[in-house]
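Quick look at target_34.pdb (PDB, C-alpha atoms, pLDDT in the B column):
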```pdb
ATOM      1  CA  MET A 269       0.000   0.000   0.000  1.00 48.00           C
ATOM      2  CA  ALA A 270       1.389   3.386  -0.954  1.00 56.00           C
ATOM      3  CA  LEU A 271       2.028   5.805   1.879  1.00 52.00           C
ATOM      4  CA  GLU A 272      -0.390   8.292   0.301  1.00 60.00           C
ATOM      5  CA  ASP A 273      -3.169   5.682   0.310  1.00 60.00           C
ATOM      6  CA  ALA A 274      -2.498   4.851   3.957  1.00 55.00           C
ATOM      7  CA  PHE A 275      -2.887   8.482   4.979  1.00 58.00           C
ATOM      8  CA  SER A 276      -6.031   9.073   2.929  1.00 63.00           C
ATOM      9  CA  HIS A 277      -7.966   7.134   5.584  1.00 61.00           C
ATOM     10  CA  PHE A 278      -6.889   9.710   8.158  1.00 60.00           C
ATOM     11  CA  THR A 279      -7.539  12.790   6.068  1.00 64.00           C
ATOM     12  CA  ARG A 280     -10.852  11.960   4.424  1.00 65.00           C
ATOM     13  CA  ARG A 281     -13.653  14.446   4.905  1.00 65.00           C
ATOM     14  CA  ASP A 282     -16.653  12.167   5.288  1.00 65.00           C
ATOM     15  CA  TRP A 283     -18.967  15.061   6.090  1.00 63.00           C
ATOM     16  CA  GLU A 284     -18.647  16.346   2.532  1.00 67.00           C
ATOM     17  CA  HIS A 285     -21.305  15.255   0.088  1.00 65.00           C
ATOM     18  CA  GLU A 286     -21.259  15.826  -3.652  1.00 70.00           C
ATOM     19  CA  SER A 287     -25.004  16.413  -3.722  1.00 72.00           C
ATOM     20  CA  VAL A 288     -24.887  19.610  -1.642  1.00 73.00           C
ATOM     21  CA  GLU A 289     -26.388  22.540  -3.490  1.00 83.00           C
ATOM     22  CA  GLY A 290     -26.067  26.198  -2.603  1.00 87.00           C
ATOM     23  CA  THR A 291     -24.342  27.794   0.335  1.00 92.00           C
ATOM     24  CA  VAL A 292     -25.173  28.844   3.874  1.00 95.00           C
ATOM     25  CA  ARG A 293     -25.275  32.628   4.025  1.00 97.00           C
ATOM     26  CA  LEU A 294     -23.526  33.920   7.143  1.00 98.00           C
ATOM     27  CA  ALA A 295     -23.644  37.158   9.079  1.00 98.00           C
ATOM     28  CA  VAL A 296     -20.255  37.559  10.731  1.00 98.00           C
ATOM     29  CA  ILE A 297     -20.701  39.230  14.105  1.00 98.00           C
ATOM     30  CA  GLY A 298     -17.613  41.254  15.000  1.00 97.00           C
ATOM     31  CA  ILE A 299     -14.893  41.984  12.474  1.00 96.00           C
ATOM     32  CA  GLY A 300     -11.858  42.342  14.700  1.00 95.00           C
ATOM     33  CA  GLY A 301      -8.500  40.702  14.067  1.00 94.00           C
ATOM     34  CA  PHE A 302      -9.702  37.120  14.391  1.00 93.00           C
ATOM     35  CA  ALA A 303     -12.561  37.606  11.945  1.00 96.00           C
ATOM     36  CA  ARG A 304     -10.397  39.454   9.419  1.00 96.00           C
ATOM     37  CA  GLN A 305      -7.385  37.147   9.706  1.00 95.00           C
ATOM     38  CA  ARG A 306      -9.081  33.772  10.198  1.00 93.00           C
ATOM     39  CA  ALA A 307     -12.862  33.521   9.910  1.00 95.00           C
ATOM     40  CA  LEU A 308     -13.542  35.649   6.842  1.00 97.00           C
ATOM     41  CA  PRO A 309     -10.687  34.161   4.775  1.00 97.00           C
ATOM     42  CA  ALA A 310     -11.741  30.626   5.763  1.00 94.00           C
ATOM     43  CA  ILE A 311     -15.375  31.239   4.850  1.00 96.00           C
ATOM     44  CA  ALA A 312     -14.284  32.724   1.513  1.00 97.00           C
ATOM     45  CA  ALA A 313     -12.042  29.726   0.802  1.00 94.00           C
ATOM     46  CA  GLY A 314     -14.739  27.181   1.643  1.00 89.00           C
ATOM     47  CA  ASN A 315     -17.372  25.632  -0.571  1.00 87.00           C
ATOM     48  CA  TYR A 316     -20.420  25.587   1.671  1.00 89.00           C
ATOM     49  CA  CYS A 317     -20.704  29.076   3.179  1.00 94.00           C
ATOM     50  CA  GLU A 318     -20.537  32.688   2.116  1.00 97.00           C
ATOM     51  CA  THR A 319     -20.444  35.902   4.115  1.00 98.00           C
ATOM     52  CA  THR A 320     -23.422  38.073   3.211  1.00 98.00           C
ATOM     53  CA  MET A 321     -23.459  40.474   6.152  1.00 98.00           C
ATOM     54  CA  LEU A 322     -20.990  42.057   8.556  1.00 98.00           C
ATOM     55  CA  VAL A 323     -22.049  43.233  12.002  1.00 98.00           C
ATOM     56  CA  THR A 324     -19.753  45.783  13.596  1.00 97.00           C
ATOM     57  CA  SER A 325     -19.698  48.796  15.873  1.00 95.00           C
ATOM     58  CA  SER A 326     -18.350  50.898  12.999  1.00 93.00           C
ATOM     59  CA  PRO A 327     -20.216  50.132   9.753  1.00 93.00           C
ATOM     60  CA  ASP A 328     -18.626  53.139   8.012  1.00 91.00           C
ATOM     61  CA  ARG A 329     -15.116  51.833   8.678  1.00 91.00           C
ATOM     62  CA  ALA A 330     -16.001  48.300   7.501  1.00 95.00           C
ATOM     63  CA  ALA A 331     -16.421  49.183   3.819  1.00 95.00           C
ATOM     64  CA  ALA A 332     -12.957  47.923   2.874  1.00 96.00           C
ATOM     65  CA  VAL A 333     -13.543  44.583   4.606  1.00 97.00           C
ATOM     66  CA  ALA A 334     -16.924  44.263   2.922  1.00 97.00           C
ATOM     67  CA  GLU A 335     -15.373  45.000  -0.451  1.00 97.00           C
ATOM     68  CA  GLU A 336     -12.532  42.521   0.083  1.00 97.00           C
ATOM     69  CA  TYR A 337     -14.988  39.689   0.842  1.00 97.00           C
ATOM     70  CA  ASP A 338     -17.772  40.833  -1.514  1.00 97.00           C
ATOM     71  CA  VAL A 339     -20.252  41.386   1.321  1.00 98.00           C
ATOM     72  CA  ASP A 340     -23.406  43.328   0.450  1.00 96.00           C
ATOM     73  CA  HIS A 341     -24.700  44.266   3.917  1.00 98.00           C
ATOM     74  CA  ILE A 342     -23.076  45.975   6.903  1.00 98.00           C
ATOM     75  CA  ILE A 343     -25.049  46.815  10.034  1.00 98.00           C
ATOM     76  CA  ASP A 344     -24.247  47.755  13.593  1.00 97.00           C
ATOM     77  CA  TYR A 345     -24.812  45.603  16.670  1.00 97.00           C
ATOM     78  CA  ASP A 346     -28.040  47.346  17.649  1.00 97.00           C
ATOM     79  CA  GLY A 347     -29.416  46.792  14.160  1.00 98.00           C
ATOM     80  CA  PHE A 348     -28.568  43.111  14.378  1.00 98.00           C
ATOM     81  CA  LEU A 349     -30.269  42.762  17.764  1.00 98.00           C
ATOM     82  CA  ALA A 350     -33.316  44.590  16.377  1.00 98.00           C
ATOM     83  CA  GLY A 351     -33.582  42.075  13.533  1.00 98.00           C
ATOM     84  CA  ASP A 352     -32.446  44.334  10.700  1.00 98.00           C
ATOM     85  CA  ARG A 353     -31.690  42.482   7.457  1.00 97.00           C
ATOM     86  CA  ILE A 354     -32.651  39.029   8.786  1.00 97.00           C
ATOM     87  CA  ASP A 355     -33.427  37.934   5.228  1.00 98.00           C
ATOM     88  CA  ALA A 356     -29.775  38.503   4.252  1.00 98.00           C
ATOM     89  CA  TYR A 357     -28.405  35.495   6.160  1.00 98.00           C
ATOM     90  CA  ASP A 358     -29.204  31.919   7.201  1.00 98.00           C
ATOM     91  CA  GLY A 359     -26.912  31.734  10.195  1.00 98.00           C
ATOM     92  CA  ILE A 360     -24.358  33.714  12.143  1.00 98.00           C
ATOM     93  CA  TYR A 361     -20.685  33.333  12.926  1.00 98.00           C
ATOM     94  CA  VAL A 362     -19.969  35.004  16.275  1.00 98.00           C
ATOM     95  CA  ALA A 363     -16.447  36.424  16.400  1.00 96.00           C
ATOM     96  CA  ALA A 364     -17.242  39.225  18.856  1.00 95.00           C
ATOM     97  CA  PRO A 365     -15.561  39.482  22.279  1.00 93.00           C
ATOM     98  CA  ASN A 366     -16.340  36.511  24.543  1.00 92.00           C
ATOM     99  CA  ALA A 367     -18.624  38.438  26.891  1.00 93.00           C
ATOM    100  CA  PHE A 368     -21.044  39.099  24.014  1.00 95.00           C
ATOM    101  CA  HIS A 369     -21.211  35.619  22.466  1.00 96.00           C
ATOM    102  CA  GLY A 370     -24.405  34.591  24.226  1.00 97.00           C
ATOM    103  CA  GLN A 371     -26.240  37.832  23.504  1.00 97.00           C
ATOM    104  CA  TYR A 372     -25.787  37.495  19.740  1.00 98.00           C
ATOM    105  CA  ALA A 373     -26.259  33.726  19.643  1.00 98.00           C
ATOM    106  CA  THR A 374     -29.506  33.967  21.603  1.00 98.00           C
ATOM    107  CA  ALA A 375     -30.775  36.809  19.408  1.00 98.00           C
ATOM    108  CA  ALA A 376     -30.007  34.792  16.271  1.00 98.00           C
ATOM    109  CA  ALA A 377     -31.833  31.775  17.679  1.00 98.00           C
ATOM    110  CA  GLY A 378     -34.810  34.027  18.327  1.00 98.00           C
ATOM    111  CA  PHE A 379     -34.739  34.961  14.633  1.00 98.00           C
ATOM    112  CA  GLY A 380     -34.631  31.276  13.652  1.00 98.00           C
ATOM    113  CA  LYS A 381     -31.011  31.515  12.496  1.00 98.00           C
ATOM    114  CA  HIS A 382     -28.321  28.887  13.012  1.00 98.00           C
ATOM    115  CA  VAL A 383     -25.277  29.746  15.137  1.00 98.00           C
ATOM    116  CA  ILE A 384     -21.547  29.116  14.878  1.00 97.00           C
ATOM    117  CA  CYS A 385     -19.822  30.682  17.854  1.00 96.00           C
ATOM    118  CA  GLU A 386     -16.137  31.049  18.523  1.00 94.00           C
ATOM    119  CA  LYS A 387     -14.917  29.486  21.730  1.00 91.00           C
ATOM    120  CA  PRO A 388     -15.825  29.871  24.461  1.00 92.00           C
ATOM    121  CA  LEU A 389     -19.539  29.602  23.842  1.00 94.00           C
ATOM    122  CA  GLU A 390     -20.074  31.868  26.848  1.00 94.00           C
ATOM    123  CA  THR A 391     -18.222  33.099  29.926  1.00 92.00           C
ATOM    124  CA  THR A 392     -19.963  30.894  32.512  1.00 93.00           C
ATOM    125  CA  ALA A 393     -21.562  27.477  32.466  1.00 94.00           C
ATOM    126  CA  GLU A 394     -24.966  28.961  33.322  1.00 96.00           C
ATOM    127  CA  ARG A 395     -24.809  31.459  30.479  1.00 96.00           C
ATOM    128  CA  ALA A 396     -23.634  28.744  28.080  1.00 96.00           C
ATOM    129  CA  ARG A 397     -26.586  26.574  29.127  1.00 97.00           C
ATOM    130  CA  ALA A 398     -28.940  29.482  28.342  1.00 97.00           C
ATOM    131  CA  VAL A 399     -27.488  29.697  24.806  1.00 98.00           C
ATOM    132  CA  VAL A 400     -27.826  25.947  24.320  1.00 98.00           C
ATOM    133  CA  ASP A 401     -31.417  26.051  25.566  1.00 98.00           C
ATOM    134  CA  ALA A 402     -32.326  29.039  23.373  1.00 98.00           C
ATOM    135  CA  CYS A 403     -31.009  27.295  20.264  1.00 98.00           C
ATOM    136  CA  ALA A 404     -32.711  24.018  21.177  1.00 98.00           C
ATOM    137  CA  ASP A 405     -36.010  25.807  21.828  1.00 98.00           C
ATOM    138  CA  ALA A 406     -35.732  27.557  18.449  1.00 98.00           C
ATOM    139  CA  ASP A 407     -34.740  24.288  16.731  1.00 98.00           C
ATOM    140  CA  VAL A 408     -31.617  25.834  15.224  1.00 98.00           C
ATOM    141  CA  THR A 409     -28.160  24.313  15.009  1.00 97.00           C
ATOM    142  CA  LEU A 410     -25.578  25.564  17.502  1.00 97.00           C
ATOM    143  CA  MET A 411     -21.887  24.834  17.032  1.00 94.00           C
ATOM    144  CA  THR A 412     -18.837  26.041  18.866  1.00 92.00           C
ATOM    145  CA  ALA A 413     -16.230  26.842  16.223  1.00 89.00           C
ATOM    146  CA  TYR A 414     -13.505  24.490  17.281  1.00 83.00           C
ATOM    147  CA  ARG A 415     -11.745  22.404  14.713  1.00 75.00           C
ATOM    148  CA  LEU A 416     -10.151  19.681  16.839  1.00 77.00           C
ATOM    149  CA  GLN A 417     -12.927  17.174  16.211  1.00 77.00           C
ATOM    150  CA  THR A 418     -12.076  17.263  12.501  1.00 76.00           C
ATOM    151  CA  GLU A 419      -8.323  16.767  12.896  1.00 78.00           C
ATOM    152  CA  PRO A 420      -7.173  13.516  11.272  1.00 79.00           C
ATOM    153  CA  THR A 421      -5.356  12.231  14.365  1.00 78.00           C
ATOM    154  CA  VAL A 422      -8.377  12.832  16.590  1.00 81.00           C
ATOM    155  CA  ARG A 423     -10.753  11.246  14.091  1.00 83.00           C
ATOM    156  CA  ARG A 424      -8.549   8.137  13.789  1.00 84.00           C
ATOM    157  CA  THR A 425      -8.189   7.881  17.560  1.00 84.00           C
ATOM    158  CA  ARG A 426     -11.971   8.039  17.900  1.00 86.00           C
ATOM    159  CA  GLU A 427     -12.275   5.180  15.370  1.00 87.00           C
ATOM    160  CA  LEU A 428      -9.730   3.053  17.232  1.00 88.00           C
ATOM    161  CA  VAL A 429     -11.637   3.523  20.485  1.00 91.00           C
ATOM    162  CA  ARG A 430     -15.024   2.758  18.876  1.00 91.00           C
ATOM    163  CA  GLU A 431     -13.635  -0.356  17.176  1.00 92.00           C
ATOM    164  CA  ASP A 432     -12.191  -1.549  20.491  1.00 91.00           C
ATOM    165  CA  VAL A 433      -8.731  -1.745  18.940  1.00 91.00           C
ATOM    166  CA  ILE A 434      -6.984  -0.299  21.976  1.00 86.00           C
ATOM    167  CA  GLY A 435      -9.161  -1.756  24.709  1.00 86.00           C
ATOM    168  CA  ASP A 436     -10.920   0.117  27.479  1.00 88.00           C
ATOM    169  CA  VAL A 437      -9.753   3.695  27.786  1.00 87.00           C
ATOM    170  CA  VAL A 438      -9.267   4.531  31.438  1.00 90.00           C
ATOM    171  CA  GLN A 439      -7.208   7.697  31.158  1.00 87.00           C
ATOM    172  CA  VAL A 440      -6.189  10.150  28.466  1.00 80.00           C
ATOM    173  CA  HIS A 441      -3.370  12.667  28.556  1.00 79.00           C
ATOM    174  CA  GLY A 442      -3.332  15.337  25.896  1.00 72.00           C
ATOM    175  CA  GLY A 443      -1.518  18.455  24.997  1.00 72.00           C
ATOM    176  CA  PHE A 444      -1.633  21.116  22.379  1.00 64.00           C
ATOM    177  CA  SER A 445       0.696  19.776  19.729  1.00 59.00           C
ATOM    178  CA  HIS A 446       1.240  19.431  16.023  1.00 54.00           C
ATOM    179  CA  PRO A 447       0.076  16.638  13.682  1.00 55.00           C
ATOM    180  CA  LEU A 448       1.939  13.401  14.237  1.00 53.00           C
ATOM    181  CA  LEU A 449       0.841  11.516  11.147  1.00 54.00           C
ATOM    182  CA  GLU A 450       3.159  13.414   8.822  1.00 56.00           C
ATOM    183  CA  HIS A 451       6.103  11.791  10.583  1.00 53.00           C
ATOM    184  CA  ALA A 452       4.745   8.273  11.039  1.00 55.00           C
ATOM    185  CA  GLY A 453       4.637   5.318   8.715  1.00 56.00           C
ATOM    186  CA  PRO A 454       1.398   3.547   7.795  1.00 55.00           C
ATOM    187  CA  ASP A 455       1.959   0.880  10.466  1.00 54.00           C
TER     188      ASP A 455
END
```
Represent the structure contained in this file as structure tokens.
Amino acid sequence: MALEDAFSHFTRRDWEHESVEGTVRLAVIGIGGFARQRALPAIAAGNYCETTMLVTSSPDRAAAVAEEYDVDHIIDYDGFLAGDRIDAYDGIYVAAPNAFHGQYATAAAGFGKHVICEKPLETTAERARAVVDACADADVTLMTAYRLQTEPTVRRTRELVREDVIGDVVQVHGGFSHPLLEHAGPD
């Protein structure tokens, strides 16, 4: 088996489906450094989402960002909370400061919009539970934007545990590290 074939098992993207049509239109809430350097470029590079609205405290100063990402609508936070332009998006991506995550996520749920929220979901467990409950009550999808569950090493480890390859897991030690599979052989 070629090394490339061995690694394809680890890097497959089984959540992708060829039959998907259209995109999810996102309102990006907060356009600070993280949104401009990470979220907006990633959304633009993806196949399934597009940014159709920016929500910021300074709509006048966001024109260049809107132009760069071909975004038609820019509103301020109060306008978002009031429900302005709710037909311009299907879901939101919350990249605002942590203390405001729940406020915007809960408002979006109230509008029937799906929510992707940067970590942490909220600043306390009680406030996070309120966001989860609001999204569940509105029957909208809520996701914390954290990519670890899609990392090839994590996905393969999950498979090994499910298939009982490694036996009963009684303890796990982890650390923030870099991919190991690039340096390992197929065995």
Q. What is the distance, in Å and to one decimal place, between CA of Glu386 in chain A and CA of Leu322 in chain A?
A. 15.6 Å
Q. What does the distance between CA of Val323 in chain A and CA of Ile343 in chain A come to in Å, to one decimal place?
A.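 Between these atoms lies a distance of 5.1 Å.
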Q: Could you expand the PyMOL selection byres ((chain A and resi 396) around 12) into the explicit residues it covers here, written as a VMD selection string?
A: chain A and resid 366 to 371 373 to 374 385 387 to 395 397 to 403 410 to 412
Q: Please evaluate the PyMOL selection byres ((chain A and resi 297-299) around 10) against the displayed coordinates and give the resulting residues as a PyMOL selection string.
A: chain A and resi 294-296+300-305+307-308+321-326+330+333+343-345+348+360-365+368-369+372-373+385
**Q.** Interatomic distance (Å, one decimal) between CA of Ala350 in chain A and CA of Ala377 in chain A
**A.** 13.0 Å
**Q.** Counting all atoms listed in the file, the residue of A:Pro327, A:Gly347, A:Gly378, A:Gly435 that sits nearest Gly359 in chain A
**A.**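 Distance minimum relative to Gly359 in chain A lands on A:Gly378.
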Q | Selected residue of minimal separation from Tyr357 in chain A among A:Asn315, A:Thr409, A:Gln439, A:Thr291, counting all atoms listed in the file | A |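 Ranking A:Asn315, A:Thr409, A:Gln439, A:Thr291 by distance to Tyr357 in chain A, first place goes to A:Thr291.
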Could the centre and edge lengths of an axis-aligned box, enclosing all atoms of range 386-404 of chain A in the file with 8 Å extra on each side, be given in Å to one decimal as lines of an AutoDock Vina configuration file?
```
center_x = -23.8
center_y = 28.6
center_z = 25.9
size_x = 33.8
size_y = 25.1
size_z = 30.8
```
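Minimum distance to Tyr316 in chain A across A:Val383, A:Ala404, A:Val429, A:Val292 (counting only C-alpha atoms) occurs at A:Val292.
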